[in-house]
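Below: my_file11.cif (mmCIF, C-alpha atoms)
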data_start
loop_
_atom_site.group_PDB
_atom_site.id
_atom_site.type_symbol
_atom_site.label_atom_id
_atom_site.label_comp_id
_atom_site.auth_asym_id
_atom_site.auth_seq_id
_atom_site.Cartn_x
_atom_site.Cartn_y
_atom_site.Cartn_z
ATOM 1 C CA MET A 1 -23.189 -14.800 -12.989
ATOM 2 C CA ASP A 2 -22.568 -17.111 -10.018
ATOM 3 C CA ARG A 3 -19.343 -18.306 -11.610
ATOM 4 C CA THR A 4 -18.213 -14.717 -12.111
ATOM 5 C CA ARG A 5 -18.940 -13.843 -8.481
ATOM 6 C CA SER A 6 -17.185 -17.020 -7.329
ATOM 7 C CA GLY A 7 -14.090 -16.202 -9.383
ATOM 8 C CA SER A 8 -14.094 -12.655 -8.058
ATOM 9 C CA GLY A 9 -14.367 -13.980 -4.512
ATOM 10 C CA VAL A 10 -11.403 -16.301 -4.981
ATOM 11 C CA ARG A 11 -9.393 -13.449 -6.472
ATOM 12 C CA ASP A 12 -10.273 -11.106 -3.618
ATOM 13 C CA ARG A 13 -9.464 -13.650 -0.918
ATOM 14 C CA LEU A 14 -6.157 -14.714 -2.466
ATOM 15 C CA GLY A 15 -5.193 -11.119 -3.168
ATOM 16 C CA ARG A 16 -5.889 -10.096 0.433
ATOM 17 C CA GLU A 17 -3.846 -12.994 1.800
ATOM 18 C CA LEU A 18 -0.872 -12.252 -0.441
ATOM 19 C CA PHE A 19 -1.013 -8.543 0.298
ATOM 20 C CA ALA A 20 -1.187 -9.183 4.043
ATOM 21 C CA ARG A 21 1.901 -11.403 3.873
ATOM 22 C CA VAL A 22 3.927 -8.925 1.854
ATOM 23 C CA ALA A 23 2.697 -5.625 3.291
ATOM 24 C CA GLY A 24 1.850 -6.538 6.889
ATOM 25 C CA PRO A 25 -0.960 -5.303 9.137
ATOM 26 C CA SER A 26 -0.333 -1.676 8.169
ATOM 27 C CA GLY A 27 -0.466 -2.513 4.469
ATOM 28 C CA PRO A 28 -3.840 -0.940 3.621
ATOM 29 C CA GLU A 29 -2.980 2.241 5.499
ATOM 30 C CA ASN A 30 0.466 2.440 3.878
ATOM 31 C CA ARG A 31 -0.986 1.799 0.425
ATOM 32 C CA ALA A 32 -3.487 4.618 0.819
ATOM 33 C CA ARG A 33 -0.760 6.981 1.991
ATOM 34 C CA ILE A 34 1.700 5.971 -0.753
ATOM 35 C CA HIS A 35 -0.702 6.231 -3.659
ATOM 36 C CA GLY A 36 -3.184 8.764 -2.324
ATOM 37 C CA THR A 37 -0.986 11.561 -0.988
ATOM 38 C CA PRO A 38 -0.710 14.383 -3.529
ATOM 39 C CA GLY A 39 2.673 15.822 -4.393
ATOM 40 C CA PRO A 40 5.677 15.372 -6.694
ATOM 41 C CA ARG A 41 7.239 11.909 -7.013
ATOM 42 C CA TRP A 42 10.775 10.772 -7.712
ATOM 43 C CA PHE A 43 9.408 8.763 -10.642
ATOM 44 C CA GLY A 44 6.589 9.589 -13.005
ATOM 45 C CA PRO A 45 4.037 7.007 -14.137
ATOM 46 C CA GLU A 46 5.942 6.361 -17.360
ATOM 47 C CA ARG A 47 9.212 5.356 -15.661
ATOM 48 C CA PRO A 48 10.454 1.742 -15.993
ATOM 49 C CA VAL A 49 10.936 1.360 -12.239
ATOM 50 C CA ARG A 50 7.174 1.561 -11.775
ATOM 51 C CA ARG A 51 6.569 -1.214 -14.275
ATOM 52 C CA VAL A 52 9.167 -3.513 -12.690
ATOM 53 C CA HIS A 53 8.284 -2.917 -9.042
ATOM 54 C CA GLY A 54 4.560 -3.166 -9.701
ATOM 55 C CA ASP A 55 4.797 -6.651 -11.225
ATOM 56 C CA ALA A 56 4.435 -10.090 -9.607
ATOM 57 C CA SER A 57 7.878 -11.051 -10.908
ATOM 58 C CA MET A 58 9.261 -9.196 -7.871
ATOM 59 C CA PHE A 59 8.462 -12.278 -5.748
ATOM 60 C CA ILE A 60 11.074 -14.260 -7.676
ATOM 61 C CA GLY A 61 13.461 -11.337 -8.032
ATOM 62 C CA GLY A 62 13.431 -10.700 -4.292
ATOM 63 C CA LEU A 63 14.391 -14.285 -3.448
ATOM 64 C CA ARG A 64 17.148 -14.247 -6.061
ATOM 65 C CA ALA A 65 18.494 -10.995 -4.622
ATOM 66 C CA LEU A 66 18.699 -12.463 -1.108
ATOM 67 C CA LEU A 67 20.654 -15.484 -2.356
ATOM 68 C CA LEU A 68 23.014 -13.370 -4.450
ATOM 69 C CA GLN A 69 23.605 -10.801 -1.706
ATOM 70 C CA SER A 70 24.508 -13.562 0.761
ATOM 71 C CA LEU A 71 27.706 -14.308 -1.157
ATOM 72 C CA HIS A 72 29.446 -11.208 0.188
ATOM 73 C CA PRO A 73 30.816 -12.334 3.579
ATOM 74 C CA LEU A 74 30.581 -8.929 5.248
ATOM 75 C CA ALA A 75 27.088 -8.180 3.941
ATOM 76 C CA MET A 76 25.962 -11.653 5.050
ATOM 77 C CA ALA A 77 27.536 -11.190 8.499
ATOM 78 C CA ALA A 78 25.615 -7.942 8.973
ATOM 79 C CA VAL A 79 22.368 -9.651 7.968
ATOM 80 C CA ALA A 80 23.009 -12.655 10.214
ATOM 81 C CA ASP A 81 23.849 -10.486 13.227
ATOM 82 C CA HIS A 82 21.298 -7.707 12.906
ATOM 83 C CA SER A 83 18.448 -8.296 10.461
ATOM 84 C CA GLY A 84 16.346 -10.785 12.406
ATOM 85 C CA PHE A 85 15.534 -12.635 9.202
ATOM 86 C CA ARG A 86 15.125 -15.901 11.121
ATOM 87 C CA GLY A 87 13.123 -14.602 14.048
ATOM 88 C CA ASP A 88 10.991 -12.197 12.031
ATOM 89 C CA PRO A 89 11.335 -12.996 8.306
ATOM 90 C CA TRP A 90 7.912 -11.622 7.417
ATOM 91 C CA GLY A 91 8.616 -8.392 9.249
ATOM 92 C CA ARG A 92 11.810 -7.961 7.276
ATOM 93 C CA LEU A 93 9.994 -8.679 4.015
ATOM 94 C CA GLN A 94 7.254 -6.211 4.907
ATOM 95 C CA ARG A 95 9.727 -3.455 5.748
ATOM 96 C CA THR A 96 11.607 -4.038 2.494
ATOM 97 C CA SER A 97 8.456 -4.106 0.358
ATOM 98 C CA THR A 98 7.172 -0.928 2.019
ATOM 99 C CA PHE A 99 10.478 0.838 1.355
ATOM 100 C CA LEU A 100 10.369 -0.174 -2.311
ATOM 101 C CA ALA A 101 6.756 0.946 -2.623
ATOM 102 C CA VAL A 102 7.361 4.313 -0.969
ATOM 103 C CA THR A 103 10.458 5.174 -2.996
ATOM 104 C CA THR A 104 8.889 3.969 -6.254
ATOM 105 C CA PHE A 105 5.319 5.276 -5.968
ATOM 106 C CA GLY A 106 5.211 7.641 -2.993
ATOM 107 C CA THR A 107 5.746 11.373 -2.812
ATOM 108 C CA ALA A 108 9.280 12.742 -2.912
ATOM 109 C CA GLU A 109 8.890 13.833 0.711
ATOM 110 C CA HIS A 110 7.828 10.373 1.879
ATOM 111 C CA ALA A 111 10.545 8.725 -0.217
ATOM 112 C CA GLN A 112 13.225 10.883 1.393
ATOM 113 C CA GLN A 113 11.850 10.128 4.857
ATOM 114 C CA ALA A 114 12.035 6.390 4.111
ATOM 115 C CA VAL A 115 15.625 6.752 2.916
ATOM 116 C CA ASP A 116 16.568 8.740 6.017
ATOM 117 C CA ARG A 117 15.169 5.991 8.272
ATOM 118 C CA VAL A 118 17.142 3.312 6.459
ATOM 119 C CA ARG A 119 20.347 5.343 6.601
ATOM 120 C CA ALA A 120 19.891 5.832 10.351
ATOM 121 C CA VAL A 121 19.558 2.066 10.797
ATOM 122 C CA HIS A 122 22.639 1.431 8.652
ATOM 123 C CA GLU A 123 24.702 3.770 10.797
ATOM 124 C CA ARG A 124 23.976 1.636 13.879
ATOM 125 C CA VAL A 125 24.743 -1.729 12.270
ATOM 126 C CA ARG A 126 28.368 -2.552 13.030
ATOM 127 C CA GLY A 127 30.236 -5.665 14.039
ATOM 128 C CA SER A 128 32.739 -8.273 12.978
ATOM 129 C CA ALA A 129 32.357 -11.223 10.650
ATOM 130 C CA PRO A 130 33.423 -14.686 11.878
ATOM 131 C CA SER A 131 36.687 -14.085 10.003
ATOM 132 C CA GLY A 132 37.377 -11.106 12.274
ATOM 133 C CA GLU A 133 36.872 -8.545 9.518
ATOM 134 C CA PRO A 134 34.860 -5.525 10.675
ATOM 135 C CA TYR A 135 31.712 -4.502 8.869
ATOM 136 C CA HIS A 136 29.518 -1.416 8.868
ATOM 137 C CA ALA A 137 26.201 -1.432 7.032
ATOM 138 C CA ALA A 138 26.777 2.177 5.973
ATOM 139 C CA ASP A 139 30.031 1.203 4.230
ATOM 140 C CA PRO A 140 29.541 2.535 0.673
ATOM 141 C CA HIS A 141 31.261 -0.518 -0.787
ATOM 142 C CA LEU A 142 28.819 -2.910 0.907
ATOM 143 C CA LEU A 143 25.857 -0.689 0.064
ATOM 144 C CA ARG A 144 26.796 -0.806 -3.593
ATOM 145 C CA TRP A 145 26.998 -4.617 -3.568
ATOM 146 C CA VAL A 146 23.533 -4.883 -2.015
ATOM 147 C CA HIS A 147 22.215 -2.399 -4.563
ATOM 148 C CA ILE A 148 23.610 -4.052 -7.690
ATOM 149 C CA ALA A 149 22.505 -7.511 -6.526
ATOM 150 C CA GLU A 150 18.960 -6.185 -6.110
ATOM 151 C CA VAL A 151 18.910 -4.327 -9.420
ATOM 152 C CA ASP A 152 20.277 -7.302 -11.339
ATOM 153 C CA SER A 153 17.807 -9.679 -9.685
ATOM 154 C CA PHE A 154 14.693 -7.518 -10.033
ATOM 155 C CA LEU A 155 15.459 -6.724 -13.664
ATOM 156 C CA ARG A 156 16.293 -10.284 -14.709
ATOM 157 C CA ALA A 157 13.191 -11.661 -13.008
ATOM 158 C CA HIS A 158 11.046 -9.043 -14.711
ATOM 159 C CA GLN A 159 12.500 -9.796 -18.123
ATOM 160 C CA ARG A 160 11.767 -13.501 -17.699
ATOM 161 C CA TYR A 161 8.462 -13.465 -15.782
ATOM 162 C CA GLY A 162 7.059 -9.941 -16.069
ATOM 163 C CA ALA A 163 3.802 -9.180 -17.857
ATOM 164 C CA ARG A 164 5.472 -6.559 -20.063
ATOM 165 C CA PRO A 165 9.256 -7.053 -20.336
ATOM 166 C CA LEU A 166 11.255 -3.929 -21.069
ATOM 167 C CA ASP A 167 13.131 -3.214 -24.276
ATOM 168 C CA GLY A 168 16.836 -2.384 -24.144
ATOM 169 C CA ALA A 169 16.280 1.311 -23.492
ATOM 170 C CA GLY A 170 13.767 0.436 -20.787
ATOM 171 C CA CYS A 171 16.247 -1.876 -19.058
ATOM 172 C CA ASP A 172 18.843 0.889 -18.970
ATOM 173 C CA GLY A 173 16.141 3.295 -17.805
ATOM 174 C CA TYR A 174 15.275 1.005 -14.902
ATOM 175 C CA ILE A 175 18.921 0.886 -13.839
ATOM 176 C CA ARG A 176 19.082 4.699 -14.002
ATOM 177 C CA ASP A 177 15.897 4.991 -11.952
ATOM 178 C CA MET A 178 17.347 2.724 -9.288
ATOM 179 C CA ALA A 179 20.527 4.795 -9.264
ATOM 180 C CA THR A 180 18.430 7.696 -7.936
ATOM 181 C CA VAL A 181 17.449 5.655 -4.882
ATOM 182 C CA ALA A 182 20.976 4.289 -4.509
ATOM 183 C CA ARG A 183 22.549 7.734 -4.399
ATOM 184 C CA ALA A 184 20.027 8.827 -1.776
ATOM 185 C CA LEU A 185 21.055 5.808 0.335
ATOM 186 C CA GLY A 186 24.737 6.694 0.067
ATOM 187 C CA VAL A 187 25.841 4.371 -2.744
ATOM 188 C CA PRO A 188 28.788 5.839 -4.638
ATOM 189 C CA ASP A 189 28.777 5.684 -8.430
ATOM 190 C CA PRO A 190 25.802 3.338 -8.931
ATOM 191 C CA PRO A 191 25.477 1.836 -12.417
ATOM 192 C CA HIS A 192 23.366 3.622 -15.004
ATOM 193 C CA ASP A 193 23.034 0.967 -17.709
ATOM 194 C CA ARG A 194 23.411 -2.756 -18.315
ATOM 195 C CA ALA A 195 27.088 -2.549 -19.253
ATOM 196 C CA GLU A 196 27.999 -0.698 -16.057
ATOM 197 C CA LEU A 197 25.916 -3.112 -13.982
ATOM 198 C CA ALA A 198 27.631 -6.167 -15.473
ATOM 199 C CA ALA A 199 31.071 -4.599 -15.009
ATOM 200 C CA LEU A 200 30.391 -3.827 -11.343
ATOM 201 C CA ILE A 201 29.139 -7.328 -10.591
ATOM 202 C CA ALA A 202 32.268 -8.750 -12.237
ATOM 203 C CA ALA A 203 34.448 -6.432 -10.140
ATOM 204 C CA TYR A 204 32.910 -7.770 -6.904
ATOM 205 C CA ARG A 205 33.280 -11.440 -7.787
ATOM 206 C CA PRO A 206 36.761 -11.894 -6.233
ATOM 207 C CA GLU A 207 35.265 -10.871 -2.864
ATOM 208 C CA LEU A 208 32.366 -13.324 -2.997
ATOM 209 C CA ARG A 209 32.233 -16.702 -1.290
ATOM 210 C CA ALA A 210 29.727 -18.894 0.500
ATOM 211 C CA THR A 211 30.312 -18.670 4.239
ATOM 212 C CA ARG A 212 28.569 -20.938 6.733
ATOM 213 C CA GLU A 213 26.113 -18.090 7.362
ATOM 214 C CA ALA A 214 25.352 -17.848 3.633
ATOM 215 C CA LEU A 215 24.736 -21.590 3.351
ATOM 216 C CA ASP A 216 22.501 -21.520 6.436
ATOM 217 C CA ALA A 217 20.552 -18.589 4.991
ATOM 218 C CA ALA A 218 20.082 -20.388 1.665
ATOM 219 C CA ARG A 219 18.739 -23.481 3.430
ATOM 220 C CA PHE A 220 16.382 -21.335 5.496
ATOM 221 C CA ILE A 221 15.123 -19.379 2.482
ATOM 222 C CA LEU A 222 14.728 -22.382 0.192
ATOM 223 C CA LEU A 223 13.898 -25.313 2.462
ATOM 224 C CA ARG A 224 12.517 -24.018 5.756
ATOM 225 C CA PRO A 225 10.331 -20.985 5.021
ATOM 226 C CA PRO A 226 7.950 -20.050 7.859
ATOM 227 C CA LEU A 227 4.817 -20.845 5.875
ATOM 228 C CA PRO A 228 1.679 -22.926 6.366
ATOM 229 C CA TRP A 229 1.748 -26.215 4.485
ATOM 230 C CA ALA A 230 -0.799 -25.015 1.939
ATOM 231 C CA ALA A 231 1.538 -22.239 0.835
ATOM 232 C CA ARG A 232 4.699 -24.314 0.602
ATOM 233 C CA ALA A 233 4.134 -25.748 -2.865
ATOM 234 C CA PRO A 234 3.646 -22.322 -4.532
ATOM 235 C CA TYR A 235 6.593 -20.971 -2.554
ATOM 236 C CA ALA A 236 8.736 -23.883 -3.756
ATOM 237 C CA VAL A 237 7.969 -22.838 -7.326
ATOM 238 C CA LEU A 238 9.066 -19.267 -6.602
ATOM 239 C CA ALA A 239 12.225 -20.491 -4.873
ATOM 240 C CA ALA A 240 13.119 -22.904 -7.676
ATOM 241 C CA ASN A 241 12.820 -20.110 -10.212
ATOM 242 C CA ALA A 242 14.932 -17.778 -8.061
ATOM 243 C CA VAL A 243 17.652 -20.437 -8.036
ATOM 244 C CA ALA A 244 17.260 -21.024 -11.784
ATOM 245 C CA GLY A 245 17.877 -17.320 -12.353
ATOM 246 C CA LEU A 246 21.241 -17.297 -10.593
ATOM 247 C CA PRO A 247 24.409 -17.422 -12.715
ATOM 248 C CA PRO A 248 26.479 -20.631 -12.414
ATOM 249 C CA TRP A 249 29.247 -18.822 -10.517
ATOM 250 C CA ALA A 250 26.725 -17.921 -7.776
ATOM 251 C CA ARG A 251 24.967 -21.289 -7.646
ATOM 252 C CA ALA A 252 28.087 -23.406 -7.241
ATOM 253 C CA PRO A 253 29.331 -21.970 -3.903
ATOM 254 C CA LEU A 254 25.789 -22.058 -2.502
ATOM 255 C CA ARG A 255 25.602 -25.770 -3.473
ATOM 256 C CA LEU A 256 22.630 -25.239 -5.746
ATOM 257 C CA PRO A 257 23.309 -27.510 -8.730
ATOM 258 C CA ARG A 258 21.603 -27.136 -12.067
ATOM 259 C CA VAL A 259 19.514 -30.025 -13.365
ATOM 260 C CA PRO A 260 19.765 -29.897 -17.180
ATOM 261 C CA GLY A 261 16.426 -29.989 -18.930
ATOM 262 C CA VAL A 262 14.304 -29.845 -15.786
ATOM 263 C CA GLU A 263 14.538 -26.077 -15.415
ATOM 264 C CA GLU A 264 13.621 -25.368 -19.021
ATOM 265 C CA VAL A 265 10.810 -27.932 -19.209
ATOM 266 C CA CYS A 266 9.311 -27.728 -15.703
ATOM 267 C CA VAL A 267 10.663 -24.981 -13.470
ATOM 268 C CA ARG A 268 10.403 -21.938 -15.717
ATOM 269 C CA PRO A 269 6.931 -22.720 -17.140
ATOM 270 C CA ALA A 270 5.682 -23.291 -13.588
ATOM 271 C CA GLY A 271 7.223 -19.976 -12.542
ATOM 272 C CA ARG A 272 5.507 -18.124 -15.361
ATOM 273 C CA ALA A 273 2.174 -19.743 -14.539
ATOM 274 C CA LEU A 274 2.472 -18.908 -10.846
ATOM 275 C CA THR A 275 3.440 -15.274 -11.435
ATOM 276 C CA ARG A 276 0.422 -14.939 -13.741
ATOM 277 C CA THR A 277 -1.756 -16.286 -10.941
ATOM 278 C CA ILE A 278 -0.252 -13.894 -8.385
ATOM 279 C CA ARG A 279 -0.691 -10.999 -10.801
ATOM 280 C CA TRP A 280 -4.333 -11.973 -11.377
ATOM 281 C CA ALA A 281 -4.965 -12.229 -7.637
ATOM 282 C CA MET A 282 -3.396 -8.886 -6.778
ATOM 283 C CA THR A 283 -4.971 -6.908 -9.629
ATOM 284 C CA PRO A 284 -8.455 -5.589 -8.847
ATOM 285 C CA PRO A 285 -11.056 -7.025 -11.221
ATOM 286 C CA PRO A 286 -12.610 -4.626 -13.742
ATOM 287 C CA PRO A 287 -15.927 -3.043 -12.746
ATOM 288 C CA PRO A 288 -19.037 -4.791 -14.027
ATOM 289 C CA ALA A 289 -20.372 -3.655 -17.381
ATOM 290 C CA GLY A 290 -22.586 -0.635 -17.026
ATOM 291 C CA GLY A 291 -21.381 0.005 -13.466
#
What do you get writing this file as C-alpha cells?
Amino acid sequence: MDRTRSGSGVRDRLGRELFARVAGPSGPENRARIHGTPGPRWFGPERPVRRVHGDASMFIGGLRALLLQSLHPLAMAAVADHSGFRGDPWGRLQRTSTFLAVTTFGTAEHAQQAVDRVRAVHERVRGSAPSGEPYHAADPHLLRWVHIAEVDSFLRAHQRYGARPLDGAGCDGYIRDMATVARALGVPDPPHDRAELAALIAAYRPELRATREALDAARFILLRPPLPWAARAPYAVLAANAVAGLPPWARAPLRLPRVPGVEEVCVRPAGRALTRTIRWAMTPPPPPAGG
C-alpha cells in the first residue's frame, strides 16, 4: 500500500512538472476549457490526429520539426527575428502546444479562434533575411514548408516511439486530419497522404540550406536548453532521438553526424524508455479498486 501511494506520488509530481513546462501557468485552465467545453469538434475521438497529438512521442517529434524547419532560410529568418525562441523558449513551446491541443481536441469554435489569432500574428511578421530576400510569415509557400516539416516529424516520431503506432491507412488519415488545420491557416494544397507528403518535401529540398541562424538555433536547441541540471540528461535523450530521426540530407548541413551502431543500440532504446516514462507520468493513474 505504501509503495503504491509512493509510486502514485512520484507520478503525480513528475506529471505536474512536465505539464507545467509544456502548458505554462494557464495550463490547467486551458485544459479544462479545451476538453470540458461542449460542442462539435474538428476531429472526433476516433481520428488519428488525436492519437498522435495525445502521445508522449510529440516531445521528440517537436524537436525534430524545429530542426527540420530551420533549413529553410526564409522560415528560419522569420523565427530568428520575431519568435523570441531564445529569450522566451518556454513561452513559445507553451503557445505551440496550446494551439495543437485546441485545434486537435477543442471545440470547432475555439479551434477557429486559435487559427485566427495565429493568422493575425503571421500577417505582422515581415522582414528580410541576411541574404536580403524578403520574407512574410503569411507567405503560403513558407506556411506549407512549416506544415509539412511538422507533419512529417510528428508522424515519424509517433511511428517509432508512440504507444500505438498507426497502420498505413491511419498514417494517411493523420496527414488528412492535419490538412484540415493547414487549410484553415492558409496553406495551399496541403498533402493528404504519405506519397504527397514525401513528394512535397522533395520539392522543397533545393531551397533548403543551413544558414548561420539555423546552425545557431540547432546549437541552442541541442546543447544549451534553458533547463535545470536535473532535467538536462532526459532532455539530451529526447534531443538525440530527434536528431536520429532526421534524414541524412537534413543532418549533414546542420553538422549533425550519424554515429553508426550507437543510435540503434543506445539512442533509440533510451528514447523509447524515456517516452514510456513521460507517458506514465502524464497519464492519470487508474482509480483504486472498489473506488
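Pairwise distance (atom CA of A:Asp172, atom CA of A:Asp193) equals 4.4 Å.
Counting all atoms listed in the file, stretch 107-114 of chain A has the following residues at most 8 Å away, ignoring those fewer than 2 positions along the same chain: Ile34, Thr37, Pro38, Gly39, Pro40, Arg41, Trp42, Phe99, Val102, Thr103, Thr104, Phe105, Asp116, Arg117, Val118 and Ala184 of chain A.
In this structure, atom CA of A:His136 sits 24.1 Å away from atom CA of A:Ala199.
For the structure shown here, the set of residues caught by the PyMOL selection byres ((chain A and resi 152) around 9) is Gly61, Ala65, His147, Ile148, Ala149, Glu150, Val151, Ser153, Phe154, Leu155, Arg156, Ala157, Ile175, Arg194, Leu197, Ala198 and Ile201 of chain A.
Nearest to A:Met282 of all the residues A:Val49, A:Pro206, A:Gly54, A:Pro25 is A:Gly54, based on all atoms listed in the file.
Between atom CA of A:Gly245 and atom CA of A:Asp216 lies a distance of 19.8 Å.
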(message) Here's the selection I'm unsure about, the PyMOL selection byres ((chain A and resi 98) around 10); applied to the file above, which residues does it give, as number ranges by chain?
(response) A: 22-24, 26-27, 30-31, 34, 92-97, 99-104, 114
(message) Would you pick out the contacts of A:Arg144 at 10 Å or less, using all atoms listed in the file, so that residues sharing its chain but fewer than 2 positions from it are not included, and give the list as an MDAnalysis selection string?
(response) chainID A and resid 139:142 146:150 182:183 185:191 200:201 204
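Comparing the minimum interatomic distances between A:Thr277 and each of A:Trp145, A:Val181, A:Ala163, A:Leu223, counting only C-alpha atoms, we find that A:Ala163 sits nearest.
Non-sequential neighbours of stretch 209-214 of chain A (distance at most 10 Å, separation of 6 or more positions within a chain, only C-alpha atoms) are Leu66, Leu67, Leu68, Gln69, Ser70, Leu71, His72, Pro73, Leu74, Ala75, Met76, Ala77, Val79, Ala80, Asp81, Ala129, Pro130, Ser131, Phe220, Trp249, Ala250, Arg251, Ala252, Pro253, Leu254 and Arg255 of chain A.
If you measure from each of A:Pro165, A:Asp12, A:Ala78, A:Arg160 to A:Glu133 using all atoms listed in the file, the closest one turns out to be A:Ala78.
Comparing the minimum interatomic distances between A:Val243 and each of A:Gly173, A:Ala218, A:Asp167, A:Arg119, counting only C-alpha atoms, we find that A:Ala218 sits nearest.
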Could you give me the centre and size, in Å to one decimal, of an axis-aligned box around all listed atoms of stretch 154-162 of chain A with 8 Å added on every side, as AutoDock Vina command-line options?
--center_x 11.7 --center_y -10.1 --center_z -14.1 --size_x 25.2 --size_y 22.8 --size_z 24.1
(request) To verify the selection step, state as number ranges by chain which residues the PyMOL selection byres ((chain A and resi 60) around 9) yields on this input. (result) A: 56-59, 61-65, 153-154, 157-158, 161, 238-242, 245, 271, 275
Export, as a PDB file, in the coordinates of the input, the selected residues with C-alpha atoms.
ATOM      1  CA  ALA A  56       4.435 -10.090  -9.607  1.00  0.00           C
ATOM      2  CA  SER A  57       7.878 -11.051 -10.908  1.00  0.00           C
ATOM      3  CA  MET A  58       9.261  -9.196  -7.871  1.00  0.00           C
ATOM      4  CA  PHE A  59       8.462 -12.278  -5.748  1.00  0.00           C
ATOM      5  CA  GLY A  61      13.461 -11.337  -8.032  1.00  0.00           C
ATOM      6  CA  GLY A  62      13.431 -10.700  -4.292  1.00  0.00           C
ATOM      7  CA  LEU A  63      14.391 -14.285  -3.448  1.00  0.00           C
ATOM      8  CA  ARG A  64      17.148 -14.247  -6.061  1.00  0.00           C
ATOM      9  CA  ALA A  65      18.494 -10.995  -4.622  1.00  0.00           C
ATOM     10  CA  SER A 153      17.807  -9.679  -9.685  1.00  0.00           C
ATOM     11  CA  PHE A 154      14.693  -7.518 -10.033  1.00  0.00           C
ATOM     12  CA  ALA A 157      13.191 -11.661 -13.008  1.00  0.00           C
ATOM     13  CA  HIS A 158      11.046  -9.043 -14.711  1.00  0.00           C
ATOM     14  CA  TYR A 161       8.462 -13.465 -15.782  1.00  0.00           C
ATOM     15  CA  LEU A 238       9.066 -19.267  -6.602  1.00  0.00           C
ATOM     16  CA  ALA A 239      12.225 -20.491  -4.873  1.00  0.00           C
ATOM     17  CA  ALA A 240      13.119 -22.904  -7.676  1.00  0.00           C
ATOM     18  CA  ASN A 241      12.820 -20.110 -10.212  1.00  0.00           C
ATOM     19  CA  ALA A 242      14.932 -17.778  -8.061  1.00  0.00           C
ATOM     20  CA  GLY A 245      17.877 -17.320 -12.353  1.00  0.00           C
ATOM     21  CA  GLY A 271       7.223 -19.976 -12.542  1.00  0.00           C
ATOM     22  CA  THR A 275       3.440 -15.274 -11.435  1.00  0.00           C
TER      23      THR A 275
END
If you count only C-alpha atoms, which residues fall within 9 Å of A:Pro225, apart from same-chain ones fewer than 4 positions away, as a tab-separated table (two decimals) with C-alpha atoms, in the frame of the given file?
chain	number	residue	atom	x	y	z
A	89	PRO	CA	11.34	-13.00	8.31
A	219	ARG	CA	18.74	-23.48	3.43
A	220	PHE	CA	16.38	-21.34	5.50
A	221	ILE	CA	15.12	-19.38	2.48
A	232	ARG	CA	4.70	-24.31	0.60
A	235	TYR	CA	6.59	-20.97	-2.55
(message) Considering all atoms listed in the file, can you say which of A:Glu263, A:Asp177, A:Glu207, A:Glu196 comes closest to A:His53?
(response) A:Asp177
